[in-house]
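For reference, coords_16.cif (mmCIF, N, CA and C atoms):
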```cif
data_target
#
loop_
_atom_site.label_atom_id
_atom_site.label_comp_id
_atom_site.auth_asym_id
_atom_site.auth_seq_id
_atom_site.Cartn_x
_atom_site.Cartn_y
_atom_site.Cartn_z
N ILE T 1 105.15 86.16 131.48
CA ILE T 1 105.05 87.53 130.99
C ILE T 1 104.68 88.48 132.12
N ARG T 2 103.90 88.05 133.05
CA ARG T 2 103.50 88.95 134.13
C ARG T 2 104.68 89.55 134.89
N PRO T 3 105.72 88.78 135.22
CA PRO T 3 106.84 89.41 135.93
C PRO T 3 107.53 90.50 135.11
N LEU T 4 107.45 90.43 133.79
CA LEU T 4 108.10 91.41 132.93
C LEU T 4 107.21 92.62 132.64
N ARG T 5 105.95 92.56 133.00
CA ARG T 5 105.01 93.62 132.67
C ARG T 5 105.48 94.98 133.14
N LYS T 6 105.99 95.09 134.37
CA LYS T 6 106.45 96.39 134.88
C LYS T 6 107.62 96.92 134.07
N MET T 7 108.56 96.04 133.70
CA MET T 7 109.71 96.49 132.92
C MET T 7 109.27 96.97 131.54
N VAL T 8 108.38 96.27 130.89
CA VAL T 8 107.92 96.66 129.56
C VAL T 8 107.15 97.96 129.64
N ARG T 9 106.27 98.08 130.60
CA ARG T 9 105.46 99.29 130.74
C ARG T 9 106.35 100.50 131.00
N ASN T 10 107.39 100.35 131.78
CA ASN T 10 108.25 101.48 132.12
C ASN T 10 109.30 101.78 131.07
N SER T 11 109.42 100.93 130.04
CA SER T 11 110.45 101.15 129.03
C SER T 11 110.03 102.18 127.98
N ARG T 12 108.79 102.60 128.00
CA ARG T 12 108.30 103.59 127.03
C ARG T 12 108.25 104.96 127.69
N GLY T 13 108.70 105.96 126.96
CA GLY T 13 108.61 107.31 127.47
C GLY T 13 107.21 107.86 127.29
N ASN T 14 106.85 108.82 128.10
CA ASN T 14 105.56 109.49 127.96
C ASN T 14 105.81 110.82 127.28
N TYR T 15 105.71 110.82 125.95
CA TYR T 15 105.99 112.02 125.18
C TYR T 15 104.69 112.57 124.61
N SER T 16 104.56 113.87 124.63
CA SER T 16 103.40 114.52 124.03
C SER T 16 103.90 115.58 123.05
N ALA T 17 102.98 116.12 122.28
CA ALA T 17 103.34 117.18 121.33
C ALA T 17 103.99 118.34 122.07
N ARG T 18 103.48 118.67 123.23
CA ARG T 18 104.03 119.77 124.03
C ARG T 18 105.44 119.43 124.51
N THR T 19 105.66 118.18 124.89
CA THR T 19 106.98 117.76 125.37
C THR T 19 108.03 117.87 124.27
N LEU T 20 107.65 117.54 123.03
CA LEU T 20 108.62 117.49 121.94
C LEU T 20 108.84 118.84 121.26
N THR T 21 107.93 119.77 121.40
CA THR T 21 108.11 121.09 120.78
C THR T 21 109.36 121.76 121.34
N GLY T 22 110.23 122.20 120.43
CA GLY T 22 111.48 122.85 120.82
C GLY T 22 112.63 121.88 121.06
N GLN T 23 112.38 120.58 120.89
CA GLN T 23 113.41 119.58 121.13
C GLN T 23 114.17 119.24 119.85
N PRO T 24 115.46 118.95 119.96
CA PRO T 24 116.23 118.55 118.78
C PRO T 24 115.95 117.11 118.40
N VAL T 25 115.94 116.84 117.10
CA VAL T 25 115.79 115.48 116.57
C VAL T 25 116.79 115.30 115.44
N THR T 26 117.03 114.06 115.07
CA THR T 26 117.95 113.74 113.97
C THR T 26 117.15 113.11 112.84
N ILE T 27 117.36 113.58 111.62
CA ILE T 27 116.64 113.06 110.47
C ILE T 27 117.01 111.60 110.25
N ARG T 28 116.01 110.76 110.11
CA ARG T 28 116.18 109.32 109.93
C ARG T 28 115.96 108.90 108.48
N SER T 29 115.01 109.53 107.82
CA SER T 29 114.70 109.18 106.43
C SER T 29 115.75 109.78 105.49
N GLY T 30 115.73 109.36 104.25
CA GLY T 30 116.70 109.86 103.27
C GLY T 30 116.65 111.37 103.13
N GLU T 31 115.44 111.91 103.19
CA GLU T 31 115.26 113.36 103.17
C GLU T 31 113.93 113.71 103.81
N VAL T 32 113.79 114.98 104.13
CA VAL T 32 112.52 115.50 104.66
C VAL T 32 112.08 116.63 103.75
N THR T 33 110.81 116.56 103.34
CA THR T 33 110.22 117.59 102.49
C THR T 33 108.92 118.06 103.14
N GLU T 34 108.16 118.85 102.41
CA GLU T 34 106.85 119.30 102.89
C GLU T 34 105.84 118.16 103.01
N SER T 35 106.12 117.04 102.34
CA SER T 35 105.14 115.96 102.32
C SER T 35 105.58 114.64 102.96
N TYR T 36 106.86 114.51 103.33
CA TYR T 36 107.32 113.24 103.91
C TYR T 36 108.60 113.44 104.71
N GLY T 37 108.75 112.63 105.75
CA GLY T 37 110.00 112.57 106.48
C GLY T 37 109.84 111.92 107.83
N GLN T 38 110.94 111.38 108.35
CA GLN T 38 110.97 110.80 109.68
C GLN T 38 112.22 111.28 110.40
N ALA T 39 112.10 111.40 111.71
CA ALA T 39 113.23 111.80 112.54
C ALA T 39 113.20 110.98 113.83
N VAL T 40 114.33 110.98 114.53
CA VAL T 40 114.44 110.26 115.79
C VAL T 40 114.68 111.25 116.92
N TYR T 41 113.86 111.13 117.96
CA TYR T 41 114.04 111.92 119.18
C TYR T 41 114.68 111.02 120.21
N ALA T 42 115.81 111.43 120.77
CA ALA T 42 116.48 110.68 121.83
C ALA T 42 116.10 111.31 123.16
N GLY T 43 115.27 110.62 123.91
CA GLY T 43 114.77 111.14 125.17
C GLY T 43 115.82 111.12 126.26
N PRO T 44 115.61 111.91 127.30
CA PRO T 44 116.56 111.96 128.42
C PRO T 44 116.66 110.64 129.17
N ASP T 45 115.65 109.79 129.00
CA ASP T 45 115.64 108.49 129.67
C ASP T 45 116.32 107.41 128.84
N GLY T 46 116.87 107.80 127.66
CA GLY T 46 117.56 106.85 126.81
C GLY T 46 116.68 106.22 125.75
N ASN T 47 115.37 106.41 125.85
CA ASN T 47 114.46 105.88 124.83
C ASN T 47 114.53 106.72 123.57
N GLU T 48 114.32 106.07 122.44
CA GLU T 48 114.26 106.78 121.17
C GLU T 48 112.84 106.67 120.62
N LEU T 49 112.40 107.75 120.01
CA LEU T 49 111.06 107.81 119.46
C LEU T 49 111.14 108.26 118.01
N ILE T 50 110.57 107.48 117.11
CA ILE T 50 110.53 107.86 115.70
C ILE T 50 109.29 108.71 115.49
N VAL T 51 109.48 109.90 114.92
CA VAL T 51 108.35 110.82 114.70
C VAL T 51 108.26 111.18 113.22
N GLN T 52 107.05 111.42 112.78
CA GLN T 52 106.79 111.88 111.42
C GLN T 52 107.03 113.38 111.38
N VAL T 53 107.82 113.85 110.44
CA VAL T 53 108.16 115.27 110.37
C VAL T 53 107.97 115.81 108.96
N ARG T 54 107.79 117.12 108.86
CA ARG T 54 107.67 117.82 107.58
C ARG T 54 108.47 119.11 107.68
N SER T 55 109.01 119.54 106.55
CA SER T 55 109.76 120.80 106.53
C SER T 55 108.83 121.94 106.11
N LEU T 56 109.30 123.14 106.32
CA LEU T 56 108.58 124.31 105.83
C LEU T 56 108.74 124.36 104.31
N PRO T 57 107.88 125.11 103.62
CA PRO T 57 107.99 125.19 102.15
C PRO T 57 109.40 125.57 101.69
N GLU T 58 109.83 124.91 100.64
CA GLU T 58 111.12 125.17 99.99
C GLU T 58 112.33 124.86 100.87
N LYS T 59 112.15 124.08 101.91
CA LYS T 59 113.26 123.63 102.75
C LYS T 59 113.32 122.11 102.66
N THR T 60 114.52 121.56 102.61
CA THR T 60 114.69 120.11 102.67
C THR T 60 115.83 119.80 103.63
N PHE T 61 115.77 118.63 104.19
CA PHE T 61 116.81 118.16 105.11
C PHE T 61 117.19 116.75 104.71
N ALA T 62 118.42 116.35 105.01
CA ALA T 62 118.93 115.04 104.64
C ALA T 62 119.18 114.18 105.87
N ARG T 63 119.31 112.88 105.64
CA ARG T 63 119.57 111.93 106.73
C ARG T 63 120.77 112.40 107.54
N GLY T 64 120.61 112.37 108.85
CA GLY T 64 121.68 112.76 109.76
C GLY T 64 121.65 114.21 110.20
N ASP T 65 120.90 115.07 109.49
CA ASP T 65 120.80 116.48 109.90
C ASP T 65 120.13 116.60 111.27
N ARG T 66 120.64 117.52 112.06
CA ARG T 66 120.01 117.82 113.36
C ARG T 66 119.10 119.02 113.15
N VAL T 67 117.84 118.87 113.57
CA VAL T 67 116.83 119.91 113.42
C VAL T 67 116.06 120.03 114.72
N VAL T 68 115.15 121.00 114.77
CA VAL T 68 114.36 121.22 115.98
C VAL T 68 112.88 121.18 115.63
N ILE T 69 112.10 120.56 116.50
CA ILE T 69 110.65 120.50 116.30
C ILE T 69 110.05 121.87 116.61
N LEU T 70 109.34 122.41 115.64
CA LEU T 70 108.73 123.73 115.77
C LEU T 70 107.32 123.63 116.32
N ARG T 71 106.53 122.72 115.76
CA ARG T 71 105.12 122.60 116.21
C ARG T 71 104.57 121.25 115.76
N TYR T 72 103.44 120.90 116.37
CA TYR T 72 102.73 119.67 116.01
C TYR T 72 101.52 120.03 115.18
N ASP T 73 101.26 119.26 114.13
CA ASP T 73 100.10 119.46 113.28
C ASP T 73 99.10 118.34 113.58
N ALA T 74 97.82 118.68 113.65
CA ALA T 74 96.78 117.69 113.96
C ALA T 74 96.72 116.57 112.94
N ALA T 75 97.33 116.75 111.78
CA ALA T 75 97.37 115.68 110.77
C ALA T 75 98.33 114.56 111.18
N GLY T 76 99.06 114.75 112.28
CA GLY T 76 99.90 113.68 112.81
C GLY T 76 101.38 113.80 112.54
N TYR T 77 101.85 114.98 112.27
CA TYR T 77 103.29 115.15 112.05
C TYR T 77 103.78 116.42 112.73
N TYR T 78 105.11 116.53 112.84
CA TYR T 78 105.76 117.70 113.44
C TYR T 78 106.43 118.51 112.33
N THR T 79 106.30 119.81 112.40
CA THR T 79 107.01 120.70 111.49
C THR T 79 108.37 120.99 112.12
N ILE T 80 109.42 120.95 111.31
CA ILE T 80 110.78 121.13 111.82
C ILE T 80 111.47 122.31 111.14
N ILE T 81 112.47 122.84 111.83
CA ILE T 81 113.34 123.87 111.26
C ILE T 81 114.78 123.53 111.65
N SER T 82 115.74 124.16 110.98
CA SER T 82 117.14 123.89 111.30
C SER T 82 117.47 124.43 112.69
N GLU T 83 118.51 123.90 113.28
CA GLU T 83 118.95 124.38 114.60
C GLU T 83 119.32 125.86 114.54
N ASP T 84 119.96 126.28 113.44
CA ASP T 84 120.36 127.68 113.31
C ASP T 84 119.14 128.60 113.26
N GLU T 85 118.11 128.20 112.50
CA GLU T 85 116.88 128.99 112.43
C GLU T 85 116.22 129.07 113.81
N PHE T 86 116.23 127.97 114.54
CA PHE T 86 115.62 127.94 115.85
C PHE T 86 116.35 128.88 116.82
N LYS T 87 117.67 128.85 116.77
CA LYS T 87 118.47 129.70 117.66
C LYS T 87 118.27 131.17 117.36
N ALA T 88 117.97 131.49 116.08
CA ALA T 88 117.78 132.88 115.67
C ALA T 88 116.41 133.44 116.08
N ARG T 89 115.50 132.58 116.48
CA ARG T 89 114.15 133.02 116.87
C ARG T 89 114.12 133.65 118.23
#
```
Represent the structure contained in this file as structure tokens.
Amino acid sequence: IRPLRKMVRNSRGNYSARTLTGQPVTIRSGEVTESYGQAVYAGPDGNELIVQVRSLPEKTFARGDRVVILRYDAAGYYTIISEDEFKAR
């Protein structure tokens, strides 16, 4: 295992809330609501990161939708908006 340690350690991206804010993600769960959802972030290094996401009130998203991370909440999830809403900001 020791010879593989460097490869395993380097295979993970170093992502932070600041890094992911404003980045596009793809919805992974069946839907995203105000109380539940998951999305996948595809990093520039080829790594994928599954993140917990929530929509704004009265908005829902379905599996496969492309959305943008708006902000990180200290409760451990990211608030998302549609790509069109993000571009309009």
Please, what distance in Å, to one decimal, runs between atom N of Gly46 of chain T and atom C of Asp65 of chain T?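 So the answer is 18.9 Å.
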I need the alpha helix (DSSP H) residues of chain T per DSSP on the backbone, written as a PDB file with N, CA and C atoms, keeping the file's coordinate frame.
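New file states_37.pdb:
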```pdb
ATOM      1  N   ARG T   5     105.950  92.560 133.000  1.00  0.00           N
ATOM      2  CA  ARG T   5     105.010  93.620 132.670  1.00  0.00           C
ATOM      3  C   ARG T   5     105.480  94.980 133.140  1.00  0.00           C
ATOM      4  N   LYS T   6     105.990  95.090 134.370  1.00  0.00           N
ATOM      5  CA  LYS T   6     106.450  96.390 134.880  1.00  0.00           C
ATOM      6  C   LYS T   6     107.620  96.920 134.070  1.00  0.00           C
ATOM      7  N   MET T   7     108.560  96.040 133.700  1.00  0.00           N
ATOM      8  CA  MET T   7     109.710  96.490 132.920  1.00  0.00           C
ATOM      9  C   MET T   7     109.270  96.970 131.540  1.00  0.00           C
ATOM     10  N   VAL T   8     108.380  96.270 130.890  1.00  0.00           N
ATOM     11  CA  VAL T   8     107.920  96.660 129.560  1.00  0.00           C
ATOM     12  C   VAL T   8     107.150  97.960 129.640  1.00  0.00           C
ATOM     13  N   ARG T   9     106.270  98.080 130.600  1.00  0.00           N
ATOM     14  CA  ARG T   9     105.460  99.290 130.740  1.00  0.00           C
ATOM     15  C   ARG T   9     106.350 100.500 131.000  1.00  0.00           C
ATOM     16  N   ASN T  10     107.390 100.350 131.780  1.00  0.00           N
ATOM     17  CA  ASN T  10     108.250 101.480 132.120  1.00  0.00           C
ATOM     18  C   ASN T  10     109.300 101.780 131.070  1.00  0.00           C
ATOM     19  N   ALA T  17     102.980 116.120 122.280  1.00  0.00           N
ATOM     20  CA  ALA T  17     103.340 117.180 121.330  1.00  0.00           C
ATOM     21  C   ALA T  17     103.990 118.340 122.070  1.00  0.00           C
ATOM     22  N   ARG T  18     103.480 118.670 123.230  1.00  0.00           N
ATOM     23  CA  ARG T  18     104.030 119.770 124.030  1.00  0.00           C
ATOM     24  C   ARG T  18     105.440 119.430 124.510  1.00  0.00           C
ATOM     25  N   THR T  19     105.660 118.180 124.890  1.00  0.00           N
ATOM     26  CA  THR T  19     106.980 117.760 125.370  1.00  0.00           C
ATOM     27  C   THR T  19     108.030 117.870 124.270  1.00  0.00           C
ATOM     28  N   LEU T  20     107.650 117.540 123.030  1.00  0.00           N
ATOM     29  CA  LEU T  20     108.620 117.490 121.940  1.00  0.00           C
ATOM     30  C   LEU T  20     108.840 118.840 121.260  1.00  0.00           C
ATOM     31  N   GLU T  83     118.510 123.900 113.280  1.00  0.00           N
ATOM     32  CA  GLU T  83     118.950 124.380 114.600  1.00  0.00           C
ATOM     33  C   GLU T  83     119.320 125.860 114.540  1.00  0.00           C
ATOM     34  N   ASP T  84     119.960 126.280 113.440  1.00  0.00           N
ATOM     35  CA  ASP T  84     120.360 127.680 113.310  1.00  0.00           C
ATOM     36  C   ASP T  84     119.140 128.600 113.260  1.00  0.00           C
ATOM     37  N   GLU T  85     118.110 128.200 112.500  1.00  0.00           N
ATOM     38  CA  GLU T  85     116.880 128.990 112.430  1.00  0.00           C
ATOM     39  C   GLU T  85     116.220 129.070 113.810  1.00  0.00           C
ATOM     40  N   PHE T  86     116.230 127.970 114.540  1.00  0.00           N
ATOM     41  CA  PHE T  86     115.620 127.940 115.850  1.00  0.00           C
ATOM     42  C   PHE T  86     116.350 128.880 116.820  1.00  0.00           C
ATOM     43  N   LYS T  87     117.670 128.850 116.770  1.00  0.00           N
ATOM     44  CA  LYS T  87     118.470 129.700 117.660  1.00  0.00           C
ATOM     45  C   LYS T  87     118.270 131.170 117.360  1.00  0.00           C
ATOM     46  N   ALA T  88     117.970 131.490 116.080  1.00  0.00           N
ATOM     47  CA  ALA T  88     117.780 132.880 115.670  1.00  0.00           C
ATOM     48  C   ALA T  88     116.410 133.440 116.080  1.00  0.00           C
TER      49      ALA T  88
END
```
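For the choices T:Leu49, T:Ala39, T:Val32, T:Leu20, the atom-to-atom distance to Leu70 of chain T is smallest for T:Leu20 when using all atoms listed in the file.
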First collect every listed atom of segment 68-83 of chain T; then fit an axis-aligned box around them, widen it by 8 Å on each side, and give centre and edge lengths in Å to one decimal, as AutoDock Vina command-line options.
```
--center_x 108.0 --center_y 119.8 --center_z 113.7 --size_x 38.6 --size_y 28.2 --size_z 21.8
```
Result set of the PyMOL selection byres ((chain T and resi 80) around 5) on the coordinates above, as a PyMOL selection string: chain T and resi 54-55+68-70+78-79+81-82
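For Gly43 of chain T, the non-local neighbours within 9 Å, defined as residues at least 4 positions apart in the same chain or in other chains and counting only C-alpha atoms, are Gly13, Tyr15, Asn47, Glu48 and Leu49 of chain T.
Reported to one decimal place, the separation of atom CA of Arg18 of chain T from atom CA of Lys59 of chain T is 23.5 Å.
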Show me, as a list of chain:residue names, the residues that have an atom within 8 Å of Glu83 of chain T when counting only C-alpha atoms, minus same-chain residues fewer than 6 positions from it.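 Here the qualifying residues turn out to be T:Pro24, T:Arg66, T:Val67, T:Val68.
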Between atom N of Ser16 of chain T and atom C of Asp45 of chain T, what is the distance, to one decimal in Å?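 For atom N of Ser16 of chain T relative to atom C of Asp45 of chain T, the distance reads 14.1 Å.
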Can you list, as an MDAnalysis selection string, all residues belonging to chain T that DSSP tags as strand (DSSP E or B)? chainID T and resid 24:27 31:32 38:42 48:55 61:62 66:73 77:82
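Shortest atom-to-atom contact with Gln23 of chain T among T:Ala42, T:Ala88, T:Ala75, T:Ile50: T:Ala42, counting only C-alpha atoms.
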I'd like the contact shell of Arg28 of chain T - 8 Å cut-off, only C-alpha atoms, skipping same-chain residues fewer than 5 positions apart - returned as a PyMOL selection string. chain T and resi 37-40+63-64
